[in-house]
Amino acid sequence: MQIKPIIKINVRRSSLVFIVFALLFSCAKKKSSYTETEVFRYNEHSNVTSLDPAFAKDQRNIWAVNQLYNGLVELDDSLHVKPAIAKSWTISEDGKNYQFTLRDDVYFHKHALFGKDSTKKVTANDFEYSFNRLLNKEVASPGGWVLQNVASFKAENDSVFSMELKQPFPPFLGLLAMKYCSVVPKEAVEYFRNTFRANPIGTGPFQFKLWVENTKLVYRKNPLYFEKDTKGKQLPYLEAVAITFLPDKQSEFLQFIQGNIDFMKSLDASYKDDILNTDGTLKEKYVASIIMQTGAYLNTEYLGIYLDGEVQIPTKSKLIRQAINYGFDREKMIKFLRNGIGTPATSGFIPNGLPSFNNQKGYSFNPEKARELVAQYKEETGDQNPQITITTNSNYLDLCEFIQRELQKIGLATKVDVIPPSTLRQGKASGKLPIFRASWIADYPDAENYVSLFYSKNFTPNGPNYTHFKNETFDKLYEESIKEVSVDKRYALYQKMDSIIIEEAPIVPLYYDEVIRFRQKNVKGLGINPIDLLDLRRVKKD
């Protein structure tokens with residue numbers, strides 16, 4: 001059997017990229033039986049690095065992988081766990097044993113690797129293999145942590161898969177909905193080995209067709225897909241998905257306005273004033289042709305403050321950390337710098353969109369209080385000229401410069417350093433940045449995802465505690481919460497922890513982000529959800 005190698009093209013200029021794209025697409029159209037209205041087109045400016053679900057770490061890969069694979073369970077647009085390949089499951093009274101019963105009509109994408117009929121039905125053994133692979137250190141998947149609380153798992157028979165936890169963990173089903181936990185075929189992984197990333201075979205609504213790296217990715221409809229709509233029609237409705245990789249967001253915007261792509265995610269400073277009014281509504285000239293969708297997003301944008309190390313700097317003092325929190329107007333920042341997209345983070349770290357969000361009182365703009373705190377710091381320490389440095393990347397420079405101007409008014413000398421995103425990630429992980437711009441997007445729909453950032457046993461590089469915050473009361477509440485089966489009691493514990501974060505101020509919450517999507521008016525069935533997952537199963541184009 002001959003396997004065609006993936007084509008690799010390095011293209012620098014976006015215009016050349018689109019010429020290549022146009023040629024490829026025109027050729028594809030001549031050879032295909034589907035029409036323009038059966039193809040969904042979007043651009044991924046960050047590029048895609050892997051189509052292997054074991055490496056679905058960030059949104060660019062998660063979106064691409066989500067069209068190709070399924071797991072035991074999935075989340076609906078309200079973040080409720082629902083069946084996927086597992087049609088049902090039971091959980092033991094102690095919350096430690098999970099037993100999943102699988103559907104018997106799920107097949108991997110057709111491929112010659114599967115023998116005479118080119119098909120293979122998914123069984124519990126495939127999940128056992130996939131989870132063992134996720135934990136394999138040689139694979140080095142960044143998603144292995146999802147199974148860190150799992151003591152064992154096994155295929156009881158072809159249709160029953162069981163998992164035993166080390167201790168109860170109520171959000172566990174939400175973790176299993178992550179793309180890391182997708183099922184993959186052993187035959188394909190072992191045949192393609194390191195190139196499985198570019199030769200994906202899954203069970204999802206679409207199957208892999210073509211990937212010209214840095215230029216274009218094409219999927220075709222999976223004729224074996226197991227899901228149907230409420231009227232009994234097989235999903236997906238679309239015949240194909242075409243993803244381009246224009247790196248320039250302004251070029252992406254122009255392609256969208258010209259109707260060359262069907263959908264555009266998020267909002268960028270390069271075009272936000274052209275498409276939106278200052279109150280966050282769509283400008284009149286686009287109302288007839290574009291639909292904008294917004295909704296709560298499980299993403300908190302914040303400034304992190306590193307609290308460890310021997311060097312004594314102003315932000316080691318809670319007085320200065322609280323002064324920063326009181327010292328700028330979040331409402332004004334959102335209105336003028338974000339065109340009203342987002343909610344000012346005045347209620348702690350846990351964002352709106354989670355059930356445990358309770359709109360508790362956090363920090364609001366209070367310059368008088370901020371000046372008092374700075375004056376108290378000067379009196380207690382003798383430091384008459386406290387100076388701080390905020391490190392960010394260029395995408396958030398306008399926000400940080402706004403905060404800089406506001407903090408200087410309260411007597412806090414502030415400098416803004418702009419560094420590349422990769423350097424920023426390395427710096428915050430290694431504790432080299434006293435104040436860093438960051439965001440936390442939930443991997444699964446439970447506030448444990450947020451409070452885990454402040455648990456002392458999660459200090460980086462062994463966990464997500466980038467601030468190295470440590471508080472004994474907080475740690476006790478956290479350890480109690482991850483064992484608590486009662487939803488209401490667990491939410492109350494989360495809120496107590498969030499109150500501690502507000503008081504101790506290891507971070508400066510900026511805003512709770514919103515999902516914002518722009519689509520052409522002929523696109524139907526494109527939902528929206530608080531984890532901003534792209535699901536194309538039920539999308540149609542008129």
# chains A, B, ... in the order shown; residues from 1 in each chain; ligands from 1
$ residues_around --residues "A:Lys221" --least-positions-apart "5" --cutoff "7 Å" --atoms "only C-alpha atoms" --output "MDAnalysis selection string"
chainID A and resid 205:207 236 238:240
$ closest_atom_pairs --of "stretch 399-495 of chain A" --to "stretch 134-158 of chain A" --cutoff "12 Å" --atoms "only C-alpha atoms" --output "JSON lines"
{"residue": "A:Asp443", "atom": "CA", "partner": "A:Val146", "partner_atom": "CA", "distance": 9.9}
{"residue": "A:Tyr444", "atom": "CA", "partner": "A:Val146", "partner_atom": "CA", "distance": 10.3}
{"residue": "A:Asn449", "atom": "CA", "partner": "A:Val146", "partner_atom": "CA", "distance": 11.7}
{"residue": "A:Asn462", "atom": "CA", "partner": "A:Trp145", "partner_atom": "CA", "distance": 10.7}
{"residue": "A:Gly463", "atom": "CA", "partner": "A:Trp145", "partner_atom": "CA", "distance": 9.8}
{"residue": "A:Pro464", "atom": "CA", "partner": "A:Trp145", "partner_atom": "CA", "distance": 11.6}
{"residue": "A:Ile482", "atom": "CA", "partner": "A:Asn149", "partner_atom": "CA", "distance": 10.9}
{"residue": "A:Lys483", "atom": "CA", "partner": "A:Asn149", "partner_atom": "CA", "distance": 11.7}
$ residues_around --residues "A:Leu235" --least-positions-apart "4" --cutoff "8 Å" --atoms "only C-alpha atoms" --output "PDB file with C-alpha atoms, in the first residue's frame"
ATOM      1  CA  PRO A 205     -18.219  13.738  11.305  1.00  0.00           C
ATOM      2  CA  TYR A 225     -20.721   8.858  10.861  1.00  0.00           C
ATOM      3  CA  PHE A 226     -23.042   7.471  13.521  1.00  0.00           C
ATOM      4  CA  GLU A 227     -25.064  10.542  14.576  1.00  0.00           C
ATOM      5  CA  LYS A 228     -28.404  11.668  13.120  1.00  0.00           C
ATOM      6  CA  ASP A 229     -30.496  14.780  13.668  1.00  0.00           C
ATOM      7  CA  ARG A 537     -21.906  18.785  12.582  1.00  0.00           C
ATOM      8  CA  ARG A 538     -25.169  20.716  12.223  1.00  0.00           C
TER       9      ARG A 538
END
$ select_by_dssp --residues "stretch 235-367 of chain A" --states "strand (DSSP E)" --output "PyMOL selection string"
chain A and resi 240-244+263-265+290-305+343-344
$ write_last_selection --atoms "C-alpha atoms" --output "compact mmCIF listing (two decimals), in the first residue's frame"
# COMPACT_ATOMS: atom_id res chain seq x y z
CA ALA A 240 -16.47 19.53 3.13
CA VAL A 241 -14.51 21.88 5.40
CA ALA A 242 -11.68 24.06 4.04
CA ILE A 243 -9.30 25.77 6.48
CA THR A 244 -6.73 28.33 5.35
CA PHE A 263 -16.81 32.54 9.63
CA MET A 264 -14.43 34.65 11.69
CA LYS A 265 -13.66 34.15 15.36
CA ILE A 290 -23.11 39.57 8.65
CA ILE A 291 -24.42 38.04 11.84
CA MET A 292 -22.55 38.56 15.12
CA GLN A 293 -22.95 36.14 18.02
CA THR A 294 -21.69 36.80 21.53
CA GLY A 295 -21.87 34.80 24.74
CA ALA A 296 -20.15 34.07 28.03
CA TYR A 297 -16.66 32.61 27.71
CA LEU A 298 -14.82 30.59 30.34
CA ASN A 299 -11.79 32.85 30.06
CA THR A 300 -10.46 35.30 32.63
CA GLU A 301 -7.88 37.82 31.42
CA TYR A 302 -5.59 38.98 34.22
CA LEU A 303 -2.22 40.25 35.37
CA GLY A 304 -0.34 37.63 37.37
CA ILE A 305 2.02 38.68 40.17
CA THR A 343 -17.32 42.00 31.26
CA PRO A 344 -15.19 43.97 33.75
$ closest_residue --among "A:Asn352, A:Asn43, A:Arg405, A:Phe328" --to "A:Pro367" --atoms "only C-alpha atoms"
A:Phe328
$ closest_residue --among "A:Leu477, A:Val485, A:Ile261, A:Ile507" --to "A:Phe436" --atoms "only C-alpha atoms"
A:Ile507
$ closest_residue --among "A:Ala492, A:Val539, A:Leu399, A:Leu246" --to "A:Glu448" --atoms "only C-alpha atoms"
A:Ala492
$ closest_residue --among "A:Leu536, A:Ala54, A:Ala269, A:Leu373" --to "A:Phe336" --atoms "only C-alpha atoms"
A:Ala269
$ atom_distance --atom1 "atom CA of A:Ile320" --atom2 "atom CA of A:Val374"
6.1 Å
$ select_by_dssp --residues "stretch 182-239 of chain A" --states "alpha helix (DSSP H)" --output "mmCIF file with C-alpha atoms, in the first residue's frame"
data_model
loop_
_atom_site.group_PDB
_atom_site.id
_atom_site.type_symbol
_atom_site.label_atom_id
_atom_site.label_comp_id
_atom_site.auth_asym_id
_atom_site.auth_seq_id
_atom_site.Cartn_x
_atom_site.Cartn_y
_atom_site.Cartn_z
ATOM 1 C CA LYS A 186 -3.958 1.262 17.075
ATOM 2 C CA GLU A 187 -3.408 0.106 13.486
ATOM 3 C CA ALA A 188 -3.062 3.681 12.174
ATOM 4 C CA VAL A 189 -0.963 5.025 15.042
ATOM 5 C CA GLU A 190 1.502 2.156 14.851
ATOM 6 C CA TYR A 191 1.685 2.330 11.057
ATOM 7 C CA PHE A 192 2.156 6.099 10.711
#
$ closest_residue --among "A:Thr381, A:Gln322, A:Gln495, A:Gln404" --to "A:Gln360" --atoms "only C-alpha atoms"
A:Gln495
$ residues_around --residues "A:Asn393" --least-positions-apart "6" --cutoff "6 Å" --atoms "only C-alpha atoms" --output "list of chain:residue names"
A:Val418, A:Ile419, A:Pro420, A:Pro421
$ closest_residue --among "A:Leu453, A:Leu337, A:Leu176, A:Leu354" --to "A:Tyr396" --atoms "only C-alpha atoms"
A:Leu337
$ closest_atom_pairs --of "stretch 318-415 of chain A" --to "stretch 426-434 of chain A" --cutoff "10 Å" --atoms "only C-alpha atoms" --output "tab-separated table"
residue	atom	partner	partner_atom	distance
A:Ile388	CA	A:Pro434	CA	8.0
A:Thr389	CA	A:Pro434	CA	7.1
A:Ile390	CA	A:Pro434	CA	7.5
A:Thr391	CA	A:Leu433	CA	7.0
A:Thr392	CA	A:Leu433	CA	9.9
$ atom_distance --atom1 "atom CA of A:Glu472" --atom2 "atom CA of A:Ile313"
23.2 Å
$ decode --residues "stretch 281-351 of chain A" --atoms "C-alpha atoms" --output "PDB file, in the first residue's frame"
ATOM      1  CA  THR A 281     -22.969  46.498  18.293  1.00  0.00           C
ATOM      2  CA  LEU A 282     -22.382  45.686  14.634  1.00  0.00           C
ATOM      3  CA  LYS A 283     -21.896  48.707  12.381  1.00  0.00           C
ATOM      4  CA  GLU A 284     -24.807  49.529  10.118  1.00  0.00           C
ATOM      5  CA  LYS A 285     -22.960  48.809   6.852  1.00  0.00           C
ATOM      6  CA  TYR A 286     -22.547  45.140   7.860  1.00  0.00           C
ATOM      7  CA  VAL A 287     -25.967  44.440   9.355  1.00  0.00           C
ATOM      8  CA  ALA A 288     -27.432  43.176   6.072  1.00  0.00           C
ATOM      9  CA  SER A 289     -24.674  40.655   5.331  1.00  0.00           C
ATOM     10  CA  ILE A 290     -23.109  39.574   8.650  1.00  0.00           C
ATOM     11  CA  ILE A 291     -24.422  38.038  11.844  1.00  0.00           C
ATOM     12  CA  MET A 292     -22.552  38.558  15.117  1.00  0.00           C
ATOM     13  CA  GLN A 293     -22.950  36.135  18.018  1.00  0.00           C
ATOM     14  CA  THR A 294     -21.687  36.800  21.531  1.00  0.00           C
ATOM     15  CA  GLY A 295     -21.871  34.795  24.743  1.00  0.00           C
ATOM     16  CA  ALA A 296     -20.146  34.074  28.031  1.00  0.00           C
ATOM     17  CA  TYR A 297     -16.661  32.614  27.707  1.00  0.00           C
ATOM     18  CA  LEU A 298     -14.820  30.594  30.337  1.00  0.00           C
ATOM     19  CA  ASN A 299     -11.790  32.847  30.057  1.00  0.00           C
ATOM     20  CA  THR A 300     -10.464  35.302  32.632  1.00  0.00           C
ATOM     21  CA  GLU A 301      -7.883  37.824  31.422  1.00  0.00           C
ATOM     22  CA  TYR A 302      -5.594  38.978  34.217  1.00  0.00           C
ATOM     23  CA  LEU A 303      -2.219  40.252  35.373  1.00  0.00           C
ATOM     24  CA  GLY A 304      -0.335  37.632  37.369  1.00  0.00           C
ATOM     25  CA  ILE A 305       2.020  38.683  40.175  1.00  0.00           C
ATOM     26  CA  TYR A 306       4.941  36.422  41.043  1.00  0.00           C
ATOM     27  CA  LEU A 307       5.192  36.137  44.841  1.00  0.00           C
ATOM     28  CA  ASP A 308       8.207  33.869  45.270  1.00  0.00           C
ATOM     29  CA  GLY A 309      11.944  34.561  45.187  1.00  0.00           C
ATOM     30  CA  GLU A 310      14.346  36.429  47.451  1.00  0.00           C
ATOM     31  CA  VAL A 311      14.337  39.793  45.669  1.00  0.00           C
ATOM     32  CA  GLN A 312      12.209  42.317  47.514  1.00  0.00           C
ATOM     33  CA  ILE A 313      10.041  44.213  45.068  1.00  0.00           C
ATOM     34  CA  PRO A 314       6.946  46.367  45.693  1.00  0.00           C
ATOM     35  CA  THR A 315       4.491  43.683  44.529  1.00  0.00           C
ATOM     36  CA  LYS A 316       5.590  41.396  47.372  1.00  0.00           C
ATOM     37  CA  SER A 317       3.424  43.720  49.501  1.00  0.00           C
ATOM     38  CA  LYS A 318      -0.319  43.096  49.563  1.00  0.00           C
ATOM     39  CA  LEU A 319      -0.767  46.867  49.867  1.00  0.00           C
ATOM     40  CA  ILE A 320       0.686  47.443  46.403  1.00  0.00           C
ATOM     41  CA  ARG A 321      -1.172  44.472  44.894  1.00  0.00           C
ATOM     42  CA  GLN A 322      -4.467  45.818  46.202  1.00  0.00           C
ATOM     43  CA  ALA A 323      -3.574  49.341  45.067  1.00  0.00           C
ATOM     44  CA  ILE A 324      -3.074  48.059  41.518  1.00  0.00           C
ATOM     45  CA  ASN A 325      -6.480  46.359  41.658  1.00  0.00           C
ATOM     46  CA  TYR A 326      -8.216  49.542  42.821  1.00  0.00           C
ATOM     47  CA  GLY A 327      -6.159  51.845  40.619  1.00  0.00           C
ATOM     48  CA  PHE A 328      -7.743  51.588  37.147  1.00  0.00           C
ATOM     49  CA  ASP A 329     -11.245  51.718  35.668  1.00  0.00           C
ATOM     50  CA  ARG A 330     -12.164  48.335  34.170  1.00  0.00           C
ATOM     51  CA  GLU A 331     -15.490  49.650  32.852  1.00  0.00           C
ATOM     52  CA  LYS A 332     -13.724  52.390  30.876  1.00  0.00           C
ATOM     53  CA  MET A 333     -11.096  49.921  29.639  1.00  0.00           C
ATOM     54  CA  ILE A 334     -13.727  47.537  28.233  1.00  0.00           C
ATOM     55  CA  LYS A 335     -15.786  50.297  26.627  1.00  0.00           C
ATOM     56  CA  PHE A 336     -13.014  52.097  24.790  1.00  0.00           C
ATOM     57  CA  LEU A 337     -10.360  49.431  24.223  1.00  0.00           C
ATOM     58  CA  ARG A 338     -12.572  46.387  23.703  1.00  0.00           C
ATOM     59  CA  ASN A 339     -15.594  48.076  22.088  1.00  0.00           C
ATOM     60  CA  GLY A 340     -17.766  46.722  24.880  1.00  0.00           C
ATOM     61  CA  ILE A 341     -16.812  43.080  24.290  1.00  0.00           C
ATOM     62  CA  GLY A 342     -16.169  41.474  27.669  1.00  0.00           C
ATOM     63  CA  THR A 343     -17.324  41.997  31.258  1.00  0.00           C
ATOM     64  CA  PRO A 344     -15.193  43.968  33.748  1.00  0.00           C
ATOM     65  CA  ALA A 345     -13.667  41.488  36.222  1.00  0.00           C
ATOM     66  CA  THR A 346     -14.995  43.009  39.428  1.00  0.00           C
ATOM     67  CA  SER A 347     -16.125  39.699  40.964  1.00  0.00           C
ATOM     68  CA  GLY A 348     -12.963  37.680  41.509  1.00  0.00           C
ATOM     69  CA  PHE A 349     -11.190  35.140  39.317  1.00  0.00           C
ATOM     70  CA  ILE A 350     -13.995  32.632  38.581  1.00  0.00           C
ATOM     71  CA  PRO A 351     -15.680  33.954  35.417  1.00  0.00           C
TER      72      PRO A 351
END
